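S.K.: You'll find run.cif just under this line, and it carries mmCIF, C-alpha atoms.
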```cif
data_data
#
loop_
_atom_site.label_atom_id
_atom_site.label_comp_id
_atom_site.auth_asym_id
_atom_site.auth_seq_id
_atom_site.Cartn_x
_atom_site.Cartn_y
_atom_site.Cartn_z
CA MET G 1 -4.45 -4.53 78.81
CA THR G 2 -8.14 -5.06 79.36
CA THR G 3 -10.57 -7.34 77.55
CA ILE G 4 -14.32 -7.47 77.97
CA THR G 5 -16.71 -10.00 76.43
CA ASP G 6 -20.39 -10.78 76.26
CA ASN G 7 -21.96 -13.85 74.63
CA PHE G 8 -25.48 -12.67 75.50
CA ASN G 9 -26.29 -16.12 76.92
CA ARG G 10 -29.08 -15.24 79.27
CA ALA G 11 -32.84 -15.25 79.49
CA ASP G 12 -34.83 -13.58 76.76
CA ASN G 13 -35.72 -9.98 77.54
CA PRO G 14 -37.16 -7.71 74.86
CA LEU G 15 -36.50 -4.56 76.84
CA SER G 16 -32.91 -4.82 78.10
CA LEU G 17 -29.51 -6.22 77.22
CA GLY G 18 -28.89 -6.68 80.92
CA SER G 19 -25.37 -7.44 82.04
CA SER G 20 -22.50 -9.55 80.81
CA SER G 21 -21.58 -12.62 82.82
CA GLU G 22 -18.43 -10.61 83.65
CA GLY G 23 -20.62 -8.26 85.71
CA TRP G 24 -20.63 -5.10 83.64
CA SER G 25 -23.87 -3.74 82.20
CA TRP G 26 -25.15 -2.39 78.93
CA THR G 27 -26.79 0.98 78.40
CA ALA G 28 -29.18 1.50 75.51
CA VAL G 29 -28.04 4.97 74.52
CA ASP G 30 -31.00 5.00 72.20
CA GLY G 31 -33.39 2.43 70.83
CA THR G 32 -34.89 -0.59 72.54
CA TRP G 33 -32.32 -3.35 72.85
CA GLY G 34 -32.97 -6.80 74.18
CA ILE G 35 -31.98 -10.45 74.31
CA SER G 36 -33.51 -13.18 72.16
CA SER G 37 -32.22 -16.75 71.87
CA ASN G 38 -28.86 -15.75 73.35
CA ASN G 39 -28.34 -12.93 70.85
CA ALA G 40 -28.54 -9.15 71.07
CA ILE G 41 -31.48 -7.68 69.20
CA GLN G 42 -33.32 -4.45 68.75
CA SER G 43 -36.93 -4.97 69.72
CA VAL G 44 -38.38 -1.98 67.91
CA ILE G 45 -37.88 -0.81 64.34
CA SER G 46 -35.48 2.11 64.57
CA LEU G 47 -32.42 3.64 62.88
CA ASN G 48 -28.87 4.15 64.10
CA GLU G 49 -29.55 2.97 67.63
CA THR G 50 -26.63 2.33 69.91
CA ALA G 51 -25.76 0.40 73.02
CA ARG G 52 -22.71 1.10 75.17
CA ALA G 53 -20.74 -1.44 77.16
CA GLU G 54 -20.34 0.21 80.54
CA SER G 55 -16.84 -0.98 81.28
CA ASP G 56 -13.67 1.01 80.65
CA LEU G 57 -10.81 -0.42 78.67
CA THR G 58 -7.33 0.78 79.64
CA THR G 59 -6.62 2.99 76.63
CA ASP G 60 -8.37 4.51 73.64
CA ALA G 61 -6.20 2.27 71.42
CA HIS G 62 -8.55 -0.68 71.25
CA TYR G 63 -10.76 -2.81 69.06
CA THR G 64 -14.36 -3.91 69.21
CA GLN G 65 -15.63 -7.06 67.53
CA LEU G 66 -18.96 -8.80 67.20
CA THR G 67 -20.57 -11.53 65.16
CA ILE G 68 -23.50 -10.57 62.98
CA THR G 69 -25.22 -13.90 63.41
CA ARG G 70 -28.04 -12.93 61.13
CA PHE G 71 -28.46 -10.14 58.67
CA ALA G 72 -31.98 -8.88 58.25
CA SER G 73 -33.97 -10.15 55.32
CA ASP G 74 -32.84 -8.44 52.09
CA ASN G 75 -29.86 -7.07 54.03
CA ILE G 76 -31.69 -4.19 55.57
CA GLY G 77 -31.23 -3.10 59.10
CA VAL G 78 -27.72 -3.96 60.23
CA GLY G 79 -24.96 -2.04 61.98
CA GLY G 80 -21.67 -2.97 63.58
CA PRO G 81 -19.18 -2.46 66.43
CA CYS G 82 -18.12 0.87 67.98
CA THR G 83 -14.82 2.05 69.41
CA ARG G 84 -13.98 5.12 71.53
CA PHE G 85 -17.53 5.39 72.75
CA SER G 86 -18.07 8.38 75.02
CA ALA G 87 -19.31 7.54 78.52
CA SER G 88 -21.72 10.48 78.39
CA ALA G 89 -22.63 11.20 74.75
CA LYS G 90 -23.50 9.55 71.47
CA THR G 91 -19.93 9.84 70.22
CA PHE G 92 -17.91 6.95 68.73
CA TYR G 93 -16.39 5.38 65.61
CA THR G 94 -18.30 2.54 63.97
CA TYR G 95 -17.70 0.11 61.13
CA LEU G 96 -21.06 -1.10 59.89
CA TRP G 97 -22.92 -2.78 57.10
CA ARG G 98 -24.87 -0.08 55.31
CA ARG G 99 -27.99 -1.46 53.76
CA SER G 100 -28.51 1.21 51.10
CA SER G 101 -24.97 0.89 49.75
CA THR G 102 -24.56 -2.85 50.33
CA GLN G 103 -21.11 -2.14 51.67
CA TYR G 104 -19.27 -2.04 54.97
CA GLN G 105 -18.46 1.59 55.75
CA LEU G 106 -16.62 3.54 58.46
CA PHE G 107 -18.36 6.41 60.22
CA LYS G 108 -17.71 8.63 63.17
CA CYS G 109 -20.56 9.91 65.27
CA VAL G 110 -19.74 13.09 67.20
CA ALA G 111 -22.48 14.42 69.45
CA ASN G 112 -25.08 12.40 67.54
CA THR G 113 -23.84 13.70 64.17
CA PHE G 114 -22.58 11.16 61.61
CA THR G 115 -19.68 11.62 59.17
CA GLN G 116 -18.50 8.99 56.68
CA LEU G 117 -14.76 8.26 56.75
CA GLY G 118 -14.35 5.28 54.47
CA THR G 119 -15.68 2.33 52.52
CA GLY G 120 -14.87 -1.33 53.01
CA GLY G 121 -15.89 -4.55 51.35
CA SER G 122 -19.19 -5.19 49.62
CA THR G 123 -19.59 -8.83 50.62
CA ASN G 124 -21.48 -9.99 53.68
CA ALA G 125 -22.97 -13.18 55.05
CA ASP G 126 -24.65 -14.40 58.18
CA GLY G 127 -21.93 -15.15 60.73
CA ASP G 128 -19.64 -12.30 59.68
CA VAL G 129 -17.17 -11.46 62.45
CA ILE G 130 -16.71 -7.70 62.16
CA ARG G 131 -13.95 -5.79 63.94
CA LEU G 132 -13.15 -2.09 64.15
CA SER G 133 -9.70 -1.18 65.44
CA SER G 134 -8.67 2.32 66.52
CA ASN G 135 -4.99 2.58 67.38
CA SER G 136 -2.81 5.04 69.26
CA SER G 137 -2.02 6.91 66.02
CA ASN G 138 -5.74 7.59 65.50
CA GLN G 139 -5.88 5.14 62.59
CA HIS G 140 -9.11 3.24 62.18
CA ALA G 141 -9.37 0.03 60.18
CA GLY G 142 -12.12 -2.49 59.51
CA TYR G 143 -11.85 -6.29 59.44
CA ARG G 144 -14.20 -9.02 58.30
CA ASN G 145 -13.64 -12.60 59.44
CA GLY G 146 -10.07 -11.81 60.46
CA ALA G 147 -9.02 -10.21 57.18
CA VAL G 148 -8.56 -6.54 56.41
CA ASN G 149 -11.81 -5.25 54.95
CA MET G 150 -11.05 -1.52 54.94
CA SER G 151 -7.68 0.20 54.85
CA ALA G 152 -6.74 2.40 57.76
CA VAL G 153 -7.76 6.05 57.73
CA THR G 154 -6.49 8.64 60.19
CA ASP G 155 -8.99 10.77 62.11
CA SER G 156 -8.43 12.37 65.51
CA SER G 157 -11.84 13.90 66.13
CA ILE G 158 -12.60 11.42 68.93
CA THR G 159 -9.90 10.59 71.46
CA GLY G 160 -9.64 9.51 75.07
CA ASN G 161 -12.86 7.51 75.24
CA LEU G 162 -12.36 4.11 76.87
CA ARG G 163 -15.72 2.51 76.24
CA THR G 164 -17.10 0.51 73.36
CA GLY G 165 -20.45 -0.52 71.98
CA MET G 166 -22.53 -1.42 68.98
CA VAL G 167 -24.91 0.11 66.45
CA MET G 168 -27.94 -1.60 65.03
CA ASN G 169 -30.48 -0.42 62.49
CA ARG G 170 -33.68 -2.39 62.36
CA VAL G 171 -35.60 -1.09 59.40
CA GLY G 172 -38.04 -3.58 57.99
CA VAL G 173 -40.72 -5.76 59.45
CA GLY G 174 -39.08 -8.95 58.21
CA THR G 175 -36.32 -10.97 59.79
CA GLN G 176 -34.45 -8.88 62.32
CA PRO G 177 -30.66 -8.74 62.63
CA THR G 178 -28.95 -10.39 65.59
CA TYR G 179 -25.51 -10.02 67.16
CA ASP G 180 -23.43 -12.37 69.28
CA ASN G 181 -19.95 -12.76 70.78
CA PHE G 182 -19.13 -9.15 71.61
CA VAL G 183 -15.45 -8.60 72.41
CA ALA G 184 -13.55 -5.39 73.12
CA ALA G 185 -9.91 -5.16 74.09
CA ASP G 186 -6.91 -2.90 74.20
CA LEU G 187 -4.58 -3.22 71.25
CA GLY G 188 -1.08 -4.52 71.60
CA LEU G 189 1.63 -3.21 69.34
CA MET G 190 0.46 -3.95 65.83
CA PRO G 191 0.87 -2.34 62.43
CA PHE G 192 -2.22 -1.17 60.66
CA PRO G 193 -3.17 -2.34 57.21
CA ARG G 194 -3.31 -0.72 53.86
CA ILE G 195 -4.69 -2.82 51.03
CA TRP G 196 -2.45 -2.68 47.97
CA THR G 197 -4.28 -3.38 44.76
CA THR G 198 -3.20 -3.74 41.16
CA GLY G 199 -1.92 -0.41 39.96
CA ASN G 200 -1.59 0.68 43.54
CA MET G 201 1.66 -0.87 44.72
CA PRO G 202 3.77 0.45 47.58
CA ASP G 203 5.95 3.46 46.93
CA LEU G 204 9.12 1.89 48.26
CA THR G 205 11.21 4.95 47.58
CA GLY G 206 9.14 6.85 50.09
CA GLY G 207 8.70 4.02 52.54
CA MET G 208 5.71 1.76 52.84
CA ARG G 209 3.05 2.78 55.26
CA MET G 210 2.01 0.04 57.64
CA MET M 1 -8.83 -0.41 40.75
CA PRO M 2 -6.39 2.51 40.96
CA LEU M 3 -6.56 5.14 43.66
CA TYR M 4 -7.23 8.79 42.87
CA ALA M 5 -7.01 11.79 45.18
CA TYR M 6 -9.64 14.49 45.00
CA ILE M 7 -10.68 17.61 46.82
CA ALA M 8 -14.45 17.63 47.00
CA PRO M 9 -17.23 19.50 48.78
CA ILE M 10 -18.99 17.98 51.79
CA ILE M 11 -22.66 17.08 51.52
CA GLY M 12 -25.23 15.69 53.97
CA ASP M 13 -26.73 16.82 57.26
CA GLY M 14 -25.18 14.32 59.67
CA LYS M 15 -28.51 13.28 61.12
CA SER M 16 -28.18 9.60 60.22
CA VAL M 17 -25.86 7.14 58.52
CA ASP M 18 -27.83 7.53 55.31
CA THR M 19 -27.54 11.33 55.37
CA ALA M 20 -24.13 11.54 57.05
CA TYR M 21 -21.75 14.36 56.31
CA ARG M 22 -19.63 12.92 53.52
CA SER M 23 -17.53 13.78 50.55
CA SER M 24 -19.70 14.62 47.56
CA ILE M 25 -18.03 11.74 45.73
CA ALA M 26 -18.44 9.18 48.52
CA ASP M 27 -21.52 7.59 47.03
CA LEU M 28 -19.55 6.74 43.86
CA ALA M 29 -16.49 5.44 45.65
CA GLY M 30 -15.41 1.84 45.35
CA ASN M 31 -14.27 -0.42 48.15
CA ASN M 32 -11.35 0.79 50.25
CA SER M 33 -11.82 4.48 49.67
CA ARG M 34 -11.24 6.94 52.50
CA PHE M 35 -12.25 10.47 53.33
CA TYR M 36 -10.63 13.10 55.51
CA ILE M 37 -13.30 15.25 57.18
CA PRO M 38 -12.35 16.70 60.60
CA SER M 39 -15.21 17.58 62.93
CA ASN M 40 -16.05 20.37 65.33
CA VAL M 41 -17.10 19.40 68.86
CA ASP M 42 -20.75 19.50 67.78
CA GLY M 43 -20.04 17.03 64.96
CA THR M 44 -20.31 19.49 62.10
CA PRO M 45 -17.42 19.53 59.61
CA LYS M 46 -14.61 21.97 60.37
CA PHE M 47 -14.29 22.86 56.71
CA GLY M 48 -16.56 22.82 53.70
CA TRP M 49 -14.28 20.51 51.74
CA SER M 50 -12.91 17.01 52.09
CA PHE M 51 -9.76 15.23 50.94
CA ALA M 52 -10.77 11.95 49.35
CA VAL M 53 -8.73 8.94 48.29
CA VAL M 54 -11.02 6.93 46.08
CA ASN M 55 -10.72 3.48 44.57
CA ALA M 56 -12.29 4.08 41.16
CA THR M 57 -12.77 2.39 37.84
CA ALA M 58 -12.21 4.53 34.77
CA ASP M 59 -15.95 5.04 34.42
CA VAL M 60 -16.32 6.15 38.03
CA HIS M 61 -13.29 8.43 37.73
CA ASN M 62 -14.82 10.04 34.64
CA ALA M 63 -18.13 10.48 36.45
CA ILE M 64 -16.38 12.10 39.40
CA GLN M 65 -14.46 14.48 37.18
CA ALA M 66 -17.73 15.64 35.70
CA MET M 67 -19.04 16.62 39.12
CA THR M 68 -19.26 20.24 40.17
CA ASN M 69 -16.46 21.66 42.33
CA VAL M 70 -14.46 18.42 42.45
CA THR M 71 -10.73 18.71 41.76
CA GLN M 72 -8.53 15.73 41.00
CA LEU M 73 -5.02 16.08 42.33
CA PRO M 74 -2.12 15.13 40.05
CA LYS M 75 -1.64 11.39 39.79
CA TYR M 76 2.05 11.07 40.55
CA SER M 77 3.96 8.93 42.98
CA PRO M 78 4.34 10.75 46.32
CA SER M 79 8.12 10.46 45.96
CA THR M 80 8.12 12.44 42.69
CA LEU M 81 9.91 15.73 43.09
CA LEU M 82 7.76 18.76 42.43
CA LYS M 83 10.17 19.92 39.77
CA ASP M 84 9.41 16.74 37.83
CA ILE M 85 5.68 17.46 37.69
CA PRO M 86 4.78 19.59 34.67
CA THR M 87 4.44 23.22 35.66
CA ASN M 88 0.85 23.62 34.49
CA ILE M 89 -0.31 20.54 36.39
CA ARG M 90 1.57 21.52 39.53
CA ALA M 91 0.31 25.09 39.36
CA ALA M 92 -3.31 24.02 38.94
CA ALA M 93 -3.12 21.87 42.05
CA GLN M 94 -1.35 24.58 44.02
CA ASN M 95 -3.87 27.18 42.95
CA LYS M 96 -6.72 24.97 44.10
CA MET M 97 -5.10 24.35 47.48
CA THR M 98 -4.13 27.99 47.91
CA ALA M 99 -7.76 28.93 47.35
CA LEU M 100 -8.60 26.66 50.28
CA GLY M 101 -6.18 28.54 52.54
CA ILE M 102 -3.22 26.16 52.44
CA ASN M 103 0.15 27.90 52.67
CA TYR M 104 2.81 26.56 50.32
CA SER M 105 5.64 28.90 51.26
CA SER M 106 7.60 26.11 52.93
CA LEU M 107 7.89 24.06 49.73
CA THR M 108 10.54 24.22 47.04
CA LEU M 109 10.72 22.40 43.74
CA ASN M 110 13.03 19.89 45.39
CA ASN M 111 10.36 18.74 47.80
CA PRO M 112 8.63 15.46 46.96
CA TYR M 113 4.98 15.54 45.98
CA ARG M 114 4.32 13.79 49.30
CA ASP M 115 5.07 17.06 51.10
CA MET M 116 2.54 18.93 48.99
CA LEU M 117 -0.16 16.35 49.71
CA ALA M 118 0.73 16.41 53.40
CA LEU M 119 0.22 20.16 53.57
CA ALA M 120 -3.36 19.56 52.50
CA THR M 121 -4.11 16.61 54.79
CA GLN M 122 -2.34 18.15 57.79
CA PHE M 123 -4.22 21.39 57.19
CA LEU M 124 -7.32 19.31 57.90
CA ASP M 125 -5.86 17.29 60.79
CA SER M 126 -2.33 17.86 62.07
CA LYS M 127 -2.18 14.28 63.34
CA ILE M 128 -2.37 12.76 59.85
CA PRO M 129 1.12 11.36 59.16
CA LYS M 130 3.05 12.61 56.17
CA ASN M 131 3.08 9.15 54.60
CA GLU M 132 -0.70 8.68 54.91
CA LEU M 133 -1.07 8.86 51.13
CA ASP M 134 1.92 6.77 50.12
CA ASP M 135 -0.35 4.23 48.50
CA LEU M 136 -1.12 6.78 45.80
CA THR M 137 0.93 5.90 42.77
CA THR M 138 0.91 6.69 39.09
#
```
Here is the file; what I need is its structure written in the form of structure tokens.

M.R.:
Amino acid sequence: MTTITDNFNRADNPLSLGSSSEGWSWTAVDGTWGISSNNAIQSVISLNETARAESDLTTDAHYTQLTITRFASDNIGVGGPCTRFSASAKTFYTYLWRRSSTQYQLFKCVANTFTQLGTGGSTNADGDVIRLSSNSSNQHAGYRNGAVNMSAVTDSSITGNLRTGMVMNRVGVGTQPTYDNFVAADLGLMPFPRIWTTGNMPDLTGGMRM
Amino acid sequence: MPLYAYIAPIIGDGKSVDTAYRSSIADLAGNNSRFYIPSNVDGTPKFGWSFAVVNATADVHNAIQAMTNVTQLPKYSPSTLLKDIPTNIRAAAQNKMTALGINYSSLTLNNPYRDMLALATQFLDSKIPKNELDDLTT
């Protein structure tokens, strides 16, 4: 079991995320990432830019979590955490706030090509703690502030990648989004969630999926 | 909101989140919807169609049904035996899936509907568990 963290508490630098106090470094896969007031930022207006934490977890069954300390003005320009990030390509799963849909949504990015896999909640607020978990059964689920925000969906297009990261879209010229408290860790044994809603109760005769 | 299962074409070009490859009904989907779209190694979709489980109000469901080339799958509990699904409804779903290349020869009328759904999802991705869609109910 491996856990990596970064609180971004270091000197301002508009051109680099630098390294975590744990010693591992960040790579801006694309975009211009930096540090401002002990938060991660993107210094230049740009879409779908990613940064990879250059430290392997133990397995590809892991989660990535970060705090969106500030959403951009009018909710534009925000992303989220990435799991199963390739060490050599723009390939990962991400659970992010999508400005145009005002909704958290799950995507995979394979060789810089995005595919939507699910939709989550449509509520957000500064300080949201967003987590994406990808387990050993290739189920991917989103969480907001510790609660299930998107039911698990199975997809096995990306496997074996041990790194993690984050996506940020900075679109407008107004207030820019900021991230803090990055955490990535291997998963212990845990069931994955499915949200049961009215009219959508478990089929107990067939066994409830966890 | 109740969940509905659909087979729908894939749209988009994959170049960004806003133009991602996605089910043609994704932009109408409510919270907690999910889409099954396996990818080739270059990120393009393996198939031209998606399996979608969508959280939809009646209005959204009606709007989806009016869309071109979208097929709603029968809304029965996955534990329902195929023999208990009216023949015309069962046949319509089977015909749609057969047209997509899914082989139903392993099923009998005594199989639960779950097995029929699993043939479709596992055609897309063999690692999708058979009970993946057990939250679909009537």

S.K.: Taking (-12.0, 6.6, 49.5) in the file's own coordinates, collect the residues within 10 Å, counting all atoms listed in the file, and hand them back as an NGL selection string.

M.R.: (:G and (116-120 or 150-151 or 153)) or (:M and (3-6 or 23 or 25-36 or 51-56))

S.K.: Could you work out which residues of chain M fall inside 6 Å of chain G? Count all atoms listed in the file, and format the result as a PyMOL selection string.

M.R.: chain M and resi 2+14-16+20-22+31-35+39+42-43+79+128+135+137

S.K.: Generate a file of the selected residues that holds C-alpha atoms, formatted as a tab-separated table (two decimals), in the frame of the given file.

M.R.:
```tsv
chain	number	residue	atom	x	y	z
M	2	PRO	CA	-6.39	2.51	40.96
M	14	GLY	CA	-25.18	14.32	59.67
M	15	LYS	CA	-28.51	13.28	61.12
M	16	SER	CA	-28.18	9.60	60.22
M	20	ALA	CA	-24.13	11.54	57.05
M	21	TYR	CA	-21.75	14.36	56.31
M	22	ARG	CA	-19.63	12.92	53.52
M	31	ASN	CA	-14.27	-0.42	48.15
M	32	ASN	CA	-11.35	0.79	50.25
M	33	SER	CA	-11.82	4.48	49.67
M	34	ARG	CA	-11.24	6.94	52.50
M	35	PHE	CA	-12.25	10.47	53.33
M	39	SER	CA	-15.21	17.58	62.93
M	42	ASP	CA	-20.75	19.50	67.78
M	43	GLY	CA	-20.04	17.03	64.96
M	79	SER	CA	8.12	10.46	45.96
M	128	ILE	CA	-2.37	12.76	59.85
M	135	ASP	CA	-0.35	4.23	48.50
M	137	THR	CA	0.93	5.90	42.77
```

S.K.: What lies within 8 Å of Ala125 of chain G using only C-alpha atoms, ignoring chain neighbours under 2 positions off, as a ChimeraX atom specification?

M.R.: /G:70-71,123,127-128

S.K.: Using all atoms listed in the file, which protein or nucleic acid residues come within 12 Å of Ile85 of chain M? Drop anything in the same chain fewer than 5 positions from it, and give the result as a short mmCIF file (atom, residue, chain, number, x, y, z; two decimals) with C-alpha atoms, in the coordinates of the input.

M.R.:
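Once everything was written out, this is out_16.cif:
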```cif
data_model
loop_
_atom_site.label_atom_id
_atom_site.label_comp_id
_atom_site.auth_asym_id
_atom_site.auth_seq_id
_atom_site.Cartn_x
_atom_site.Cartn_y
_atom_site.Cartn_z
CA LEU M 73 -5.02 16.08 42.33
CA PRO M 74 -2.12 15.13 40.05
CA LYS M 75 -1.64 11.39 39.79
CA TYR M 76 2.05 11.07 40.55
CA SER M 77 3.96 8.93 42.98
CA PRO M 78 4.34 10.75 46.32
CA SER M 79 8.12 10.46 45.96
CA THR M 80 8.12 12.44 42.69
CA ARG M 90 1.57 21.52 39.53
CA ALA M 91 0.31 25.09 39.36
CA ALA M 92 -3.31 24.02 38.94
CA ALA M 93 -3.12 21.87 42.05
CA GLN M 94 -1.35 24.58 44.02
CA LEU M 109 10.72 22.40 43.74
CA ASN M 110 13.03 19.89 45.39
CA ASN M 111 10.36 18.74 47.80
CA PRO M 112 8.63 15.46 46.96
CA TYR M 113 4.98 15.54 45.98
CA MET M 116 2.54 18.93 48.99
CA THR M 138 0.91 6.69 39.09
#
```

S.K.: To one decimal place, how far is atom CA of Ala141 of chain G from atom CA of Ala61 of chain G in Å?

M.R.: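 Going from atom CA of Ala141 of chain G over to atom CA of Ala61 of chain G, I get 11.9 Å.
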
S.K.: Edge lengths and centre, in Å to one decimal, as lines of an AutoDock Vina configuration file: that's what I need for the box along x, y and z that holds all listed atoms of segment 36-52 of chain M plus 3 Å on each side.

M.R.:
```
center_x = -15.3
center_y = 17.4
center_z = 59.1
size_x = 17.0
size_y = 16.9
size_z = 25.5
```

S.K.: Applied to the shown file, which residues does the PyMOL selection byres ((chain G and resi 132) around 10) return, written as a PyMOL selection string?

M.R.: chain G and resi 62-66+80-83+93-96+106+130-131+133-135+140-144+149-150+184

S.K.: Atom CA of Ala11 of chain G to atom CA of Val129 of chain G: how many Å, to one decimal?

M.R.: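 So the two atoms, atom CA of Ala11 of chain G and atom CA of Val129 of chain G, lie 23.5 Å apart.
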
S.K.: Which residue is closest to Thr67 of chain G? Choose from G:Phe85, G:Asn161, G:Thr32, G:Ala40 and count all atoms listed in the file.

M.R.: G:Ala40

S.K.: Select, from M:Leu82, M:Val17, M:Leu133, M:Leu119, the residue with the minimum atom-to-atom distance to Trp97 of chain G, counting only C-alpha atoms.

M.R.: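 The shortest atom-to-atom distance to Trp97 of chain G comes from M:Val17.
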
S.K.: Supply segment 1-15 of chain G as a compact mmCIF listing (two decimals), in the frame of the given file, with N, CA and C atoms built in where the input has gaps.

M.R.:
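part_33.txt, freshly written:
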```txt
# COMPACT_ATOMS: atom_id res chain seq x y z
N MET G 1 -3.62 -3.94 79.85
CA MET G 1 -4.45 -4.53 78.81
C MET G 1 -5.73 -5.07 79.41
N THR G 2 -6.84 -4.64 78.85
CA THR G 2 -8.14 -5.06 79.36
C THR G 2 -8.94 -5.68 78.21
N THR G 3 -9.66 -6.73 78.51
CA THR G 3 -10.57 -7.34 77.55
C THR G 3 -11.93 -7.53 78.20
N ILE G 4 -12.98 -7.18 77.49
CA ILE G 4 -14.32 -7.47 77.97
C ILE G 4 -15.06 -8.29 76.91
N THR G 5 -15.96 -9.16 77.36
CA THR G 5 -16.71 -10.00 76.43
C THR G 5 -18.15 -10.13 76.88
N ASP G 6 -19.00 -10.45 75.93
CA ASP G 6 -20.39 -10.78 76.26
C ASP G 6 -20.92 -11.72 75.18
N ASN G 7 -21.36 -12.90 75.60
CA ASN G 7 -21.96 -13.85 74.63
C ASN G 7 -23.49 -13.79 74.64
N PHE G 8 -24.02 -12.90 75.43
CA PHE G 8 -25.48 -12.67 75.50
C PHE G 8 -26.26 -13.93 75.90
N ASN G 9 -25.61 -14.88 76.51
CA ASN G 9 -26.29 -16.12 76.92
C ASN G 9 -27.01 -15.89 78.24
N ARG G 10 -28.23 -15.45 78.11
CA ARG G 10 -29.08 -15.24 79.27
C ARG G 10 -30.54 -15.24 78.83
N ALA G 11 -31.41 -15.13 79.79
CA ALA G 11 -32.84 -15.25 79.49
C ALA G 11 -33.31 -14.17 78.52
N ASP G 12 -34.23 -14.55 77.68
CA ASP G 12 -34.83 -13.58 76.76
C ASP G 12 -35.40 -12.40 77.52
N ASN G 13 -35.17 -11.21 76.96
CA ASN G 13 -35.72 -9.98 77.54
C ASN G 13 -35.83 -8.96 76.42
N PRO G 14 -37.03 -8.62 76.00
CA PRO G 14 -37.16 -7.71 74.86
C PRO G 14 -36.84 -6.26 75.19
N LEU G 15 -36.63 -5.96 76.45
CA LEU G 15 -36.50 -4.56 76.84
C LEU G 15 -35.13 -4.19 77.40
```
